[in-house]
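Data block below; observations after.
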2 protein chains.
Amino acid sequence: MNLLTVGTVAFDDIETPLGRAEKIVGGAATYISLAASYFVKHIHLVSVIGDDFPGETLDLLSAKGVDLRGLQVKEGEKSFFWAGKYHTDLNNRDTLDTQLNVLADFDPVLPAGYERSDFVMLGNLTPAVQMRVIEQLNTPPRLIAMDTMNFWMNTALDELKEVLKRVDCLIINDEEARQLSEEQSLVKAARKILTMGPRFLVIKKGEHGALLFYNSSIFFAPALPMAEVFDPTGAGDTFAGGFVGYLAQSGDLSFENMKRAVIYGSAMASFCVEKFGTERLRNLTQQEIKNRIAEFVELVNFDAQLE
Amino acid sequence: MNLLTVGTVAFDDIETPLGRAEKIVGGAATYISLAASYFVKHIHLVSVIGDDFPGETLDLLSAKGVDLRGLQVKEGEKSFFWAGKYHTDLNNRDTLDTQLNVLADFDPVLPAGYERSDFVMLGNLTPAVQMRVIEQLNTPPRLIAMDTMNFWMNTALDELKEVLKRVDCLIINDEEARQLSEEQSLVKAARKILTMGPRFLVIKKGEHGALLFYNSSIFFAPALPMAEVFDPTGAGDTFAGGFVGYLAQSGDLSFENMKRAVIYGSAMASFCVEKFGTERLRNLTQQEIKNRIAEFVELVNFDAQLE
């Protein structure tokens with residue numbers, strides 16, 4: 001199985017209560033690819049960068065099996081840049097700066113072969129760019145998953161709704177689900193969103209875990225309680241990468257396996273927040289991942305003793 | 001096994017986004033007793049009311065096996081009264097009025113026999129009143145659990161810390177845990193609180209579930225995702241009643257059984273919020289409780305397939 005991922009590859013300035021980092025590598029597609037690389041060996045990355053991007057990171061991605069033929073490099077231009085500062089509780093952040101740079105006129109052209117992808121993860125981008133990717137897929141993938149954000153609900157809702165009709169799985173956070181559905185209750189929000197196109201809906205609640213909705217079934221996975229969270233940046237994308245990566249590895253889209261994928265996504269996200277940026281995701285071992293999954297089992301497992 | 005519970009028996013005015021109710025029966029000990037009554041047949045209630053309290057509610061409690069010999073009735077005085085209004089998200093509320101009335105000079109005198117209680121649940125009250133109860137227990141109970149609140153941390157921290165040294169289990173919410181420990185991370189907060197006296201700590205996170213801490217082990221139980229929450233009032237006390245009630249029924253204080261107790265507490269709390277005040281807790285059936293527990297199993301159960 002292979003995985004196509006489309007999203008930003010970028011630089012971030014990040015300030016959290018435990019420190020700050022300047023111009024470190026970030027971007028949705030970076031986190032998604034790194035997380036997924038622990039599960040699937042053929043990852044096709046589609047994105048755009050300037051000529052300011054470190055070759056060391058590109059080499060790392062290549063070494064992890066990420067095919068970079070779809071990564072456009074714009075000579076003389078700068079990569080997408082975001083700067084943000086987290087509040088004390090880490091659940092909220094202020095965006096201090098956003099420079100679109102190469103992203104302003106990004107046209108996601110799929111290289112030969114990418115149009116037959118088994119799994120697709122569309123990172124948070126303009127709905128029009130997400131649609132451009134979908135339109136180039138000439139064989140229906142096993143699963144198309146997507147992320148989006150409030151900004152597109154405010155500025156491009158009609159285009160976003162068209163994209164929603166074309167995807168199998170939407171992965172968004174609680175506030176985004178509330179805005180998209182205009183419902184306060186996440187259960188009601190999910191019911192409404194599941195009529196908009198996706199068969200599966202994942203609602204991420206940050207430190208409060210994630211919910212998977214499918215028909216009338218609900219599955220809940222907690223976030224791992226952490227003594228210290230260094231940097232939440234990329235945790236949502238890392239979740240998505242682990243989730244879709246696990247699905248691509250197993251090739252199993254049953255609800256039971258989707259549950260496991262949510263746990264794997266949560267486990268990958270729990271690594272992500274332990275260090276700044278992508279640092280912790282660069283050199284994980286399969287044993288570390290296995291141990292982390294065991295921690296999740298331990299955390300929620302109880303013997304119900306139902307007579 | 002019997003259960004001694006001490007706390008308020010009171011009137012509430014409640015306004016939530018879905019409605020309002022005036023002068024309905026509430027109070028920590030009322031919710032605790034009602035929830036526990038589905039698990040344990042001998043409940044000793046210690047509290048104080050005025051002569052304005054409805055006999056119908058007292059009859060209901062008696063019918064559910066609640067011994068009211070410890071419920072003082074002050075002729076010519078009024079019961080404790082609280083009025084509050086919930087915000088749209090139901091996670092926050094404003095207290096509009098608090099009238100201590102009979103609670104102002106409450107002296108919790110244990111009737112004969114109560115001093116030998118197997119399980120004790122101290123509802124949120126002045127630490128001095130909680131200590132007065134502990135001092136009257138002449139045989140060590142199997143378990144003493146307690147609730148408290150920020151107000152006592154601000155106004156009676158030294159007395160509160162003395163009570164903490166005498167209890168086995170503290171049940172508080174996330175903000176209270178942060179204030180008591182002066183730690184933002186709940187994991188660090190728990191580590192610190194477990195050095196203050198209790199062996200077990202439950203941190204309630206409202207709609208985000210509850211965490212049980214014991215030594216270095218953590219167990220997490222979600223709250224049931226609900227389409228509609230009518231009234232969160234009493235949910236925390238109902239959790240405590242279900243939790244301690246289940247422990248008293250089973251008489252088993254192993255960590256495995258404490259996990260089950262957290263699930264039972266969460267299940268009882270999920271009933272509580274479905275209607276205003278104590279209404280939903282008055283006529284539950286054992287089958288409804290069993291079905292609700294099965295929903296929790298369904299919600300978190302996954303097959304890890306760990307090799």
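Naming works like this for the structure tokens: A, B, ... for the chains as they're shown, residue 1 at the start of each chain, ligands 1 onward in shown order.
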Using only C-alpha atoms and a cut-off of 6 Å, which residues of chain A sit close to chain B? Please list them as a ChimeraX atom specification. /A:185,187-188,208,219-220,227,299-300
For segment 267-276 of chain B, find every residue with an atom within 7 Å (counting only C-alpha atoms), except residues of its own chain fewer than 6 positions away, and show them as a ChimeraX atom specification. /B:35,224,229-232,235-236,238-239,242,292-293
Backbone-only DSSP, strand (DSSP E) members of segment 16-239 of chain A, as a ChimeraX atom specification: /A:16,19-26,42-50,66-74,80-86,93-99,119-122,143-146,169-173,200-204,210-214,217-221
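Between atom CA of Phe39 of chain A and atom CA of Ile171 of chain A lies a distance of 18.9 Å.
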Could you pull the residues within 12 Å of segment 159-166 of chain A, counting only C-alpha atoms, minus those fewer than 3 positions along the same chain, as JSON, numbers by chain? {"A": [120, 122, 124, 125, 126, 127, 128, 129, 130, 131, 132, 133, 134, 135, 137, 140, 141, 143, 144, 145, 146, 147, 148, 149, 150, 151, 152, 153, 154, 155, 156, 169, 170, 171, 180, 181, 193, 194, 195, 196, 197, 198, 199, 200, 201]}
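Between atom CA of Tyr114 of chain B and atom CA of Gln72 of chain B lies a distance of 14.4 Å.
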Would you please extract all helix (DSSP H, G or I) residues from segment 32-256 of chain A, as assigned by DSSP on the backbone, and give them as a ChimeraX atom specification? /A:32-36,55-63,101-105,127-136,150-155,157-164,174-181,186-193,206-208,235-250,255-256
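Separating atom CA of Lys74 of chain A from atom CA of Thr95 of chain A is a distance of 25.3 Å.
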